[in-house]
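Shown here: entry.txt, compact mmCIF, C-alpha atoms.
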# COMPACT_ATOMS: atom_id res chain seq x y z
CA MET B 1 -31.70 6.00 1.87
CA ALA B 2 -28.40 7.40 0.63
CA GLY B 3 -25.77 4.86 -0.28
CA ARG B 4 -28.16 2.09 -1.30
CA GLY B 5 -28.04 0.72 -4.83
CA LEU B 6 -24.34 1.47 -5.29
CA VAL B 7 -22.49 -1.14 -7.30
CA LYS B 8 -19.73 -2.76 -5.28
CA ALA B 9 -16.31 -2.66 -6.94
CA LYS B 10 -14.78 -6.05 -7.58
CA LYS B 11 -11.76 -6.79 -5.41
CA TYR B 12 -8.66 -8.04 -7.11
CA ASP B 13 -8.14 -11.75 -6.38
CA TRP B 14 -4.54 -11.89 -5.17
CA LYS B 15 -4.43 -15.69 -5.39
CA ASP B 16 -5.15 -15.46 -9.13
CA SER B 17 -2.41 -12.91 -9.68
CA ASN B 18 0.83 -13.87 -11.34
CA LEU B 19 4.28 -12.32 -11.28
CA ALA B 20 5.71 -14.76 -13.83
CA LEU B 21 5.15 -12.04 -16.40
CA PHE B 22 8.51 -11.70 -18.09
CA GLY B 23 8.27 -12.85 -21.69
CA SER B 24 4.48 -12.57 -21.50
CA ASP B 25 2.15 -10.28 -23.47
CA LEU B 26 2.19 -7.91 -20.48
CA GLU B 27 5.96 -7.50 -20.67
CA LYS B 28 5.72 -6.84 -24.41
CA ASN B 29 3.02 -4.20 -23.79
CA VAL B 30 5.10 -2.56 -21.08
CA LYS B 31 8.17 -2.44 -23.32
CA LYS B 32 6.14 -1.13 -26.22
CA ALA B 33 4.68 1.65 -24.06
CA SER B 34 8.13 2.62 -22.76
CA ALA B 35 10.82 4.56 -24.55
CA SER B 36 14.36 3.22 -24.56
CA MET B 37 14.84 5.46 -21.54
CA GLU B 38 11.84 5.83 -19.24
CA GLU B 39 10.94 9.52 -19.14
CA ALA B 40 9.62 9.25 -15.59
CA TRP B 41 13.01 8.26 -14.21
CA LYS B 42 14.85 11.36 -15.44
CA GLY B 43 16.20 13.06 -12.33
CA ALA B 44 14.71 10.41 -10.04
CA GLY B 45 16.87 9.71 -7.02
CA SER B 46 19.30 12.53 -7.76
CA LYS B 47 18.58 14.32 -4.46
CA PRO B 48 16.94 13.50 -1.13
CA GLY B 49 13.16 13.56 -1.15
CA LEU B 50 10.00 11.67 -2.03
CA LEU B 51 8.60 10.95 -5.51
CA VAL B 52 5.32 9.21 -6.34
CA TRP B 53 4.03 7.88 -9.67
CA ARG B 54 0.77 6.17 -10.71
CA ILE B 55 0.48 3.45 -13.34
CA VAL B 56 -1.79 4.53 -16.22
CA GLN B 57 -2.17 2.15 -19.18
CA PHE B 58 1.32 0.65 -18.79
CA LYS B 59 2.87 4.10 -18.32
CA VAL B 60 4.48 5.64 -15.24
CA THR B 61 2.85 9.04 -14.63
CA PRO B 62 3.83 11.60 -11.96
CA TRP B 63 1.38 11.90 -9.06
CA PRO B 64 0.64 15.51 -7.95
CA LYS B 65 2.67 16.47 -4.89
CA GLU B 66 -0.44 17.92 -3.22
CA ASP B 67 -1.93 14.41 -3.37
CA TYR B 68 1.04 12.57 -1.83
CA GLY B 69 -0.41 10.20 0.76
CA LYS B 70 -3.67 9.77 -1.17
CA PHE B 71 -4.20 6.45 -2.92
CA TYR B 72 -7.10 4.91 -4.83
CA SER B 73 -7.92 1.24 -4.25
CA GLY B 74 -8.34 0.72 -8.01
CA ASP B 75 -4.83 1.90 -8.86
CA SER B 76 -1.15 0.93 -8.48
CA TYR B 77 1.65 3.34 -7.54
CA ILE B 78 5.45 3.52 -7.29
CA VAL B 79 7.02 5.49 -4.41
CA LEU B 80 10.73 6.38 -4.26
CA ASN B 81 12.32 7.75 -1.10
CA THR B 82 15.88 9.08 -1.47
CA TYR B 83 17.94 9.95 1.60
CA LYS B 84 21.40 10.12 3.14
CA GLU B 85 22.38 8.43 6.36
CA GLU B 86 23.56 10.75 9.12
CA GLY B 87 27.16 11.70 8.45
CA GLY B 88 27.16 9.99 5.03
CA ASP B 89 27.36 11.38 1.51
CA GLN B 90 25.95 8.47 -0.51
CA LEU B 91 22.38 8.73 -1.78
CA LEU B 92 20.33 5.76 -0.61
CA HIS B 93 16.91 4.71 -1.83
CA ASP B 94 13.82 2.74 -0.88
CA VAL B 95 11.48 2.01 -3.79
CA HIS B 96 7.97 0.72 -3.09
CA PHE B 97 5.19 -0.40 -5.38
CA TRP B 98 1.77 -0.01 -3.75
CA ILE B 99 -1.13 -2.15 -4.95
CA GLY B 100 -4.77 -1.22 -4.38
CA GLN B 101 -7.15 -4.07 -3.61
CA GLU B 102 -9.10 -3.37 -6.80
CA SER B 103 -6.07 -2.77 -9.01
CA THR B 104 -5.96 -4.80 -12.23
CA GLN B 105 -3.30 -7.40 -12.99
CA ASP B 106 -1.95 -5.19 -15.78
CA GLU B 107 -1.45 -2.33 -13.31
CA TYR B 108 -0.02 -4.60 -10.64
CA GLY B 109 2.35 -6.31 -13.06
CA THR B 110 3.47 -3.04 -14.60
CA ALA B 111 4.20 -1.56 -11.16
CA ALA B 112 6.30 -4.61 -10.25
CA TYR B 113 8.15 -4.56 -13.58
CA LYS B 114 8.80 -0.82 -13.45
CA THR B 115 10.05 -1.05 -9.86
CA VAL B 116 12.75 -3.46 -11.02
CA GLU B 117 13.52 -1.08 -13.89
CA LEU B 118 13.90 1.85 -11.46
CA ASP B 119 16.16 -0.26 -9.26
CA THR B 120 18.36 -0.96 -12.29
CA PHE B 121 18.32 2.73 -13.26
CA LEU B 122 19.64 3.56 -9.77
CA ASN B 123 22.48 1.01 -10.09
CA ASP B 124 20.84 -1.62 -7.85
CA VAL B 125 21.23 0.62 -4.79
CA PRO B 126 17.53 0.71 -3.73
CA ILE B 127 15.84 -1.65 -1.34
CA GLN B 128 12.66 -2.88 -3.06
CA HIS B 129 9.34 -3.19 -1.24
CA ARG B 130 5.92 -4.47 -2.23
CA GLU B 131 3.08 -2.75 -0.36
CA VAL B 132 -0.57 -3.77 -0.38
CA GLN B 133 -3.59 -1.78 0.72
CA ASP B 134 -4.35 -1.96 4.46
CA HIS B 135 -1.10 -3.88 5.12
CA GLU B 136 1.49 -1.17 4.49
CA SER B 137 4.86 -1.36 6.23
CA GLU B 138 5.74 1.11 8.98
CA LEU B 139 8.50 2.53 6.76
CA PHE B 140 6.00 3.28 3.98
CA LYS B 141 3.55 4.92 6.38
CA SER B 142 6.32 7.09 7.84
CA TYR B 143 6.63 9.03 4.56
CA PHE B 144 3.20 10.63 4.86
CA LYS B 145 1.52 12.71 7.54
CA THR B 146 -1.67 10.84 6.72
CA ILE B 147 -2.47 7.98 4.34
CA THR B 148 -5.88 8.30 2.70
CA ILE B 149 -7.28 5.37 0.74
CA MET B 150 -10.30 6.00 -1.46
CA LYS B 151 -12.52 3.70 -3.49
CA GLY B 152 -12.21 3.53 -7.26
CA GLY B 153 -9.41 4.84 -9.45
CA ALA B 154 -7.86 8.26 -9.82
CA GLN B 155 -9.95 8.87 -12.94
CA THR B 156 -12.99 8.84 -10.63
CA GLY B 157 -11.44 11.51 -8.37
CA PHE B 158 -13.70 14.22 -6.99
CA ARG B 159 -11.39 17.23 -6.77
CA HIS B 160 -13.20 19.12 -9.56
CA VAL B 161 -16.63 17.45 -9.45
CA GLU B 162 -19.66 19.49 -8.40
CA PRO B 163 -20.40 18.72 -4.71
CA GLU B 164 -24.06 18.04 -5.53
CA LYS B 165 -22.96 15.15 -7.79
CA TYR B 166 -20.77 13.36 -5.25
CA LYS B 167 -21.68 9.86 -4.25
CA PRO B 168 -21.68 9.49 -0.43
CA ARG B 169 -18.35 8.37 1.04
CA LEU B 170 -17.48 7.17 4.55
CA PHE B 171 -13.91 7.64 5.82
CA HIS B 172 -12.39 5.87 8.82
CA PHE B 173 -9.62 7.58 10.86
CA CYS B 174 -7.54 5.25 13.00
CA GLY B 175 -4.07 5.51 14.62
CA GLN B 176 -1.86 7.86 16.57
CA ARG B 177 0.49 10.74 15.77
CA ARG B 178 1.98 10.40 12.27
CA ASN B 179 0.42 6.98 11.77
CA VAL B 180 -3.22 8.00 11.49
CA VAL B 181 -4.53 6.06 8.47
CA VAL B 182 -7.59 7.30 6.59
CA SER B 183 -9.50 4.64 4.67
CA GLU B 184 -12.67 4.86 2.66
CA VAL B 185 -14.90 2.08 3.98
CA PRO B 186 -18.32 0.71 3.01
CA LEU B 187 -21.33 2.90 3.90
CA SER B 188 -22.32 0.61 6.74
CA LYS B 189 -23.47 1.18 10.32
CA ASP B 190 -21.41 -1.87 11.27
CA ARG B 191 -18.25 0.13 10.51
CA ILE B 192 -18.94 2.80 13.13
CA LYS B 193 -16.89 2.06 16.26
CA SER B 194 -16.50 4.09 19.44
CA ASP B 195 -12.69 3.85 19.37
CA ASP B 196 -12.24 5.86 16.16
CA VAL B 197 -13.36 8.87 14.13
CA PHE B 198 -15.47 8.76 10.95
CA ILE B 199 -16.29 11.33 8.30
CA LEU B 200 -19.43 11.04 6.18
CA ASP B 201 -19.03 13.08 3.00
CA LEU B 202 -22.40 13.89 1.43
CA GLY B 203 -21.02 16.49 -0.98
CA THR B 204 -22.44 19.77 0.31
CA ILE B 205 -22.66 18.52 3.91
CA ILE B 206 -19.80 16.79 5.73
CA TYR B 207 -20.15 15.15 9.14
CA GLN B 208 -17.22 14.36 11.45
CA TRP B 209 -18.37 11.76 14.00
CA ASN B 210 -16.07 11.45 17.03
CA GLY B 211 -16.27 8.13 18.85
CA SER B 212 -16.20 8.45 22.63
CA GLY B 213 -12.95 6.45 22.75
CA SER B 214 -11.19 8.21 19.86
CA ASN B 215 -7.90 9.99 20.50
CA LYS B 216 -6.87 13.60 19.86
CA ASP B 217 -4.71 12.67 16.85
CA GLU B 218 -7.62 11.01 15.05
CA ARG B 219 -9.87 14.00 15.81
CA PHE B 220 -7.22 16.49 14.68
CA LYS B 221 -6.55 14.67 11.40
CA ALA B 222 -10.27 14.39 10.74
CA GLY B 223 -10.67 18.13 11.35
CA GLN B 224 -7.87 18.85 8.86
CA PHE B 225 -9.52 16.53 6.36
CA CYS B 226 -12.83 18.41 6.69
CA GLN B 227 -11.08 21.75 6.19
CA GLN B 228 -9.38 20.42 3.08
CA LEU B 229 -12.69 19.22 1.62
CA GLU B 230 -14.30 22.60 2.32
CA SER B 231 -11.36 24.38 0.67
CA GLU B 232 -11.42 22.16 -2.41
CA ARG B 233 -15.14 22.90 -2.85
CA SER B 234 -14.71 26.66 -2.57
CA GLY B 235 -17.10 27.11 0.32
CA ARG B 236 -19.92 25.11 -1.27
CA ALA B 237 -19.61 22.42 1.43
CA LYS B 238 -20.00 22.79 5.20
CA ALA B 239 -18.57 20.45 7.84
CA HIS B 240 -20.26 19.65 11.14
CA VAL B 241 -18.78 17.86 14.18
CA LEU B 242 -20.83 15.20 15.97
CA GLU B 243 -19.99 13.58 19.31
CA GLU B 244 -21.04 9.99 19.89
CA ASN B 245 -22.67 10.64 23.25
CA THR B 246 -24.84 13.50 21.98
CA THR B 247 -25.81 12.22 18.51
CA ASP B 248 -29.32 10.82 18.15
CA PRO B 249 -29.63 7.47 16.28
CA SER B 250 -32.16 9.12 13.97
CA HIS B 251 -29.61 11.71 12.80
CA ILE B 252 -28.99 11.89 9.03
CA PHE B 253 -25.43 10.63 9.70
CA PHE B 254 -26.85 7.20 10.58
CA GLN B 255 -29.78 7.37 8.18
CA SER B 256 -27.30 7.73 5.30
CA LEU B 257 -25.63 4.40 6.12
CA ASN B 258 -26.63 0.85 5.16
CA GLU B 259 -27.54 -1.80 7.70
CA ASP B 260 -25.22 -4.45 6.27
CA ASP B 261 -21.49 -4.56 5.64
CA ASP B 262 -20.74 -6.81 2.63
CA ASP B 263 -17.02 -6.14 2.55
CA ASP B 264 -14.84 -9.22 2.12
CA ASP B 265 -13.10 -10.80 5.10
CA LYS B 266 -9.42 -9.98 5.47
CA PHE B 267 -6.81 -12.71 5.17
CA GLU B 268 -4.96 -13.58 8.35
CA ALA B 269 -2.32 -16.20 9.01
CA LYS B 270 -3.44 -18.96 11.40
CA ASP B 271 0.12 -20.14 12.09
CA LYS B 272 2.08 -17.25 13.64
CA GLN B 273 5.49 -18.96 13.73
CA PRO B 274 8.22 -17.34 11.57
CA GLU B 275 9.50 -19.49 8.68
CA LEU B 276 12.67 -19.32 6.59
CA PHE B 277 12.89 -20.62 3.01
CA ARG B 278 15.92 -21.10 0.74
CA LEU B 279 15.95 -20.44 -3.02
CA SER B 280 18.93 -22.09 -4.71
CA ASP B 281 20.08 -23.37 -8.11
CA ALA B 282 23.24 -25.03 -6.78
CA SER B 283 21.93 -28.46 -7.83
CA GLY B 284 21.54 -27.36 -11.44
CA LYS B 285 17.86 -26.57 -11.13
CA MET B 286 15.97 -23.97 -9.12
CA THR B 287 14.73 -25.32 -5.78
CA PHE B 288 12.62 -23.65 -3.09
CA LYS B 289 12.37 -25.38 0.26
CA THR B 290 11.72 -24.78 3.94
CA GLU B 291 14.96 -24.12 5.79
CA LYS B 292 13.77 -23.49 9.34
CA LYS B 293 10.67 -22.74 11.42
CA GLY B 294 10.55 -20.82 14.70
CA SER B 295 13.34 -18.54 15.89
CA ILE B 296 15.48 -17.37 12.95
CA SER B 297 19.01 -15.98 13.36
CA LYS B 298 21.54 -14.34 11.05
CA SER B 299 23.66 -17.48 11.15
CA ASP B 300 20.87 -19.31 9.29
CA LEU B 301 21.59 -17.21 6.17
CA ASP B 302 24.12 -18.18 3.47
CA SER B 303 25.67 -15.65 1.06
CA LYS B 304 25.43 -18.16 -1.82
CA ASP B 305 21.61 -18.22 -1.90
CA VAL B 306 18.38 -16.25 -1.59
CA PHE B 307 16.33 -16.59 1.60
CA ILE B 308 12.71 -15.67 2.16
CA LEU B 309 11.71 -14.89 5.74
CA ASP B 310 8.01 -14.97 6.52
CA THR B 311 7.28 -13.32 9.88
CA LYS B 312 3.52 -13.80 9.21
CA SER B 313 3.04 -10.03 9.36
CA SER B 314 5.58 -9.18 6.63
CA LEU B 315 7.84 -10.95 4.16
CA PHE B 316 11.57 -10.34 3.57
CA VAL B 317 13.52 -11.47 0.50
CA TRP B 318 17.23 -11.57 1.43
CA VAL B 319 19.65 -11.79 -1.53
CA GLY B 320 23.10 -13.11 -0.61
CA SER B 321 26.14 -11.34 -2.03
CA ASP B 322 27.28 -14.49 -3.91
CA THR B 323 23.93 -15.57 -5.34
CA SER B 324 23.61 -16.49 -9.01
CA ALA B 325 21.92 -14.29 -11.61
CA GLY B 326 19.06 -16.79 -11.86
CA GLU B 327 18.44 -16.72 -8.12
CA LYS B 328 18.39 -12.91 -8.09
CA LYS B 329 16.04 -12.74 -11.08
CA ASN B 330 13.56 -15.20 -9.59
CA ALA B 331 13.61 -13.98 -5.96
CA MET B 332 10.50 -11.76 -6.00
CA GLN B 333 8.57 -14.15 -8.25
CA TYR B 334 9.11 -17.05 -5.84
CA ALA B 335 8.15 -14.85 -2.90
CA HIS B 336 4.91 -13.91 -4.63
CA GLU B 337 4.14 -17.52 -5.63
CA TYR B 338 4.76 -18.59 -2.04
CA LEU B 339 2.25 -16.00 -0.78
CA GLN B 340 -0.33 -17.27 -3.26
CA LYS B 341 -0.32 -20.61 -1.44
CA THR B 342 -0.66 -19.19 2.07
CA ASP B 343 -3.61 -17.88 4.07
CA HIS B 344 -2.04 -14.41 4.38
CA PRO B 345 -1.13 -12.97 0.96
CA LEU B 346 -1.84 -9.35 1.91
CA VAL B 347 1.47 -8.52 3.58
CA SER B 348 4.26 -6.13 2.67
CA VAL B 349 7.31 -7.62 0.92
CA THR B 350 10.82 -6.16 1.23
CA CYS B 351 13.64 -7.27 -1.07
CA LEU B 352 17.09 -6.42 0.31
CA LYS B 353 20.65 -7.33 -0.46
CA GLU B 354 23.23 -8.69 1.95
CA GLY B 355 24.96 -5.77 3.61
CA GLN B 356 22.00 -3.38 3.29
CA GLU B 357 19.64 -5.03 5.77
CA SER B 358 16.92 -2.73 7.06
CA LYS B 359 16.14 -2.08 10.71
CA ASP B 360 12.91 -4.05 10.39
CA PHE B 361 14.80 -7.06 9.04
CA ARG B 362 17.41 -6.91 11.80
CA THR B 363 14.60 -6.76 14.34
CA ALA B 364 12.90 -9.79 12.76
CA ILE B 365 15.93 -12.08 13.20
CA ALA B 366 17.80 -12.96 16.36
CA ALA B 367 21.32 -11.63 16.89

The structure given in the file should be rewritten as structure tokens.
Amino acid sequence: MAGRGLVKAKKYDWKDSNLALFGSDLEKNVKKASASMEEAWKGAGSKPGLLVWRIVQFKVTPWPKEDYGKFYSGDSYIVLNTYKEEGGDQLLHDVHFWIGQESTQDEYGTAAYKTVELDTFLNDVPIQHREVQDHESELFKSYFKTITIMKGGAQTGFRHVEPEKYKPRLFHFCGQRRNVVVSEVPLSKDRIKSDDVFILDLGTIIYQWNGSGSNKDERFKAGQFCQQLESERSGRAKAHVLEENTTDPSHIFFQSLNEDDDDDDKFEAKDKQPELFRLSDASGKMTFKTEKKGSISKSDLDSKDVFILDTKSSLFVWVGSDTSAGEKKNAMQYAHEYLQKTDHPLVSVTCLKEGQESKDFRTAIAA
């Protein structure tokens, strides 16, 4: 049966990860691999638009524009969006580092380090975001018509591989309008659900399976995906559309899938109440403590310190305008260390400065 005997990629253990990397061997390697002026940043943020880079052996490498929206779970990426507000002339930026679930600590740490470097290069104007696979923020998803997440790393890409040599892949299409997310999932029958659309890529044969409860956006995106695969393989692959209600259980679509799904359980917070934490060195040493739990308002924030707001679905790092250099430097590290101790580390993290609060942040706190 196709798909059996495949070696499962090891997922990165987020609770073992560490952002206290500055001064470490990783930082030295990153600095050694970088020129005095990072080549990748030349021209970055000079005009409105989107730029994407992938981390390759401590280096920031441009990601092909035709592959924007495609990510590999074994890699880490940096995404810069530059824009102007309506009626304004100033260039504004959001910089995200995206971490695949199988990305290595070196890649993850380099992406985080380089994101800070890019922020500095752009005169501290950007709002910084940490994105993790399957838990991307709505802002991040809005940049792409479709987000496609594939197993492995970019070096295992299949754009130029002979179709006959492809390993079977199962893709899950879920969402509506611009927010249809495409994820490569385990080759398991347990993954097939009536509410969504799935594509089984067997190399020379591609099957689009439409669940009876799937919507038109999922079906349309899946159709586009099939056309793209056919185009990339120069006519050597043929796509077929299957409808749930007319597909026999003995069809090769199902015969190519495994009976069991051994994918790891996702983390999810048990306590859904928002929490606010304060990071301060006013006492002479750095302290991190709970400030409030429940409804959080803007009046709970103090310009002299850093505050971390955990909504349990995302995390915000708010840097007050009068915070110390030490508080600013340690803000993201403390946020990451906090997540390591919770039951929901796989959430997006947004670092923003007082006065440049995002719409999502304003929505998360009471007036």

Answer as a ChimeraX atom specification, residues within 12 Å of (-4.1, 8.3, -4.1) using only C-alpha atoms: /B:52-55,62-79,98-100,133,144,146-159,182-184

Within 10 Å of file point (4.2, -11.2, 9.9), counting all atoms listed in the file, expressed as a ChimeraX atom specification: /B:268-269,272-275,309-316,344,347-348,364

Separation of atom CA of Ser212 of chain B from atom CA of Glu243 of chain B, in Å and rounded to one decimal: 7.2 Å

Minimum-distance residue to Lys329 of chain B, chosen among B:Ala282, B:Ala237, B:Val116, B:Val132 (using all atoms listed in the file): B:Val116

Between atom CA of Glu107 of chain B and atom CA of Gln340 of chain B, distance in Å (one decimal): 18.0 Å

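For Lys145 of chain B, the list of residues within 10 Å, based on all atoms listed in the file and with local chain neighbours fewer than 4 positions off taken out, reads Tyr68, Gly69, Lys141, Arg177, Arg178, Asn179, Val180, Val181 and Lys221 of chain B.
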
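Proximity to Val317 of chain B at 10 Å, evaluated using only C-alpha atoms and with sequence-adjacent residues fewer than 4 positions away removed, yields Gln128, His129, Leu276, Phe277, Arg278, Leu279, Val306, Phe307, Ile308, Leu309, Asp310, Lys328, Ala331, Met332, Tyr334, Ala335, Val349, Thr350, Cys351, Leu352, Lys353 and Phe361 of chain B.
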
Nearest-residue call for Arg169 of chain B, choices B:Ser188, B:Gln224, B:Asn245, B:Gln90, using only C-alpha atoms: B:Ser188

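Compared by their closest atoms to Pro168 of chain B, and using all atoms listed in the file, the residues B:Ser142, B:Leu257, B:Asp217, B:Pro48 rank with B:Leu257 nearest.
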
Selection near Lys238 of chain B, 7 Å with only C-alpha atoms, sequence-local residues under 3 positions removed, as a list in words: Thr204, Ile205, Ile206 and Glu230 of chain B

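With atom CA of Val241 of chain B on one side and atom CA of Arg191 of chain B on the other, the separation reads 18.1 Å.
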
Pick from B:Asp201, B:Asp300, B:Glu232, B:Asp119 nearest to Ile252 of chain B, counting only C-alpha atoms: B:Asp201

Best match for closeness to Asn258 of chain B among B:Pro186, B:Pro126, B:Gly88, B:Gly45, counting all atoms listed in the file: B:Pro186

From B:His96, B:Glu117, B:Lys359, B:Lys289, residue lying nearest Tyr338 of chain B [only C-alpha atoms]: B:Lys289
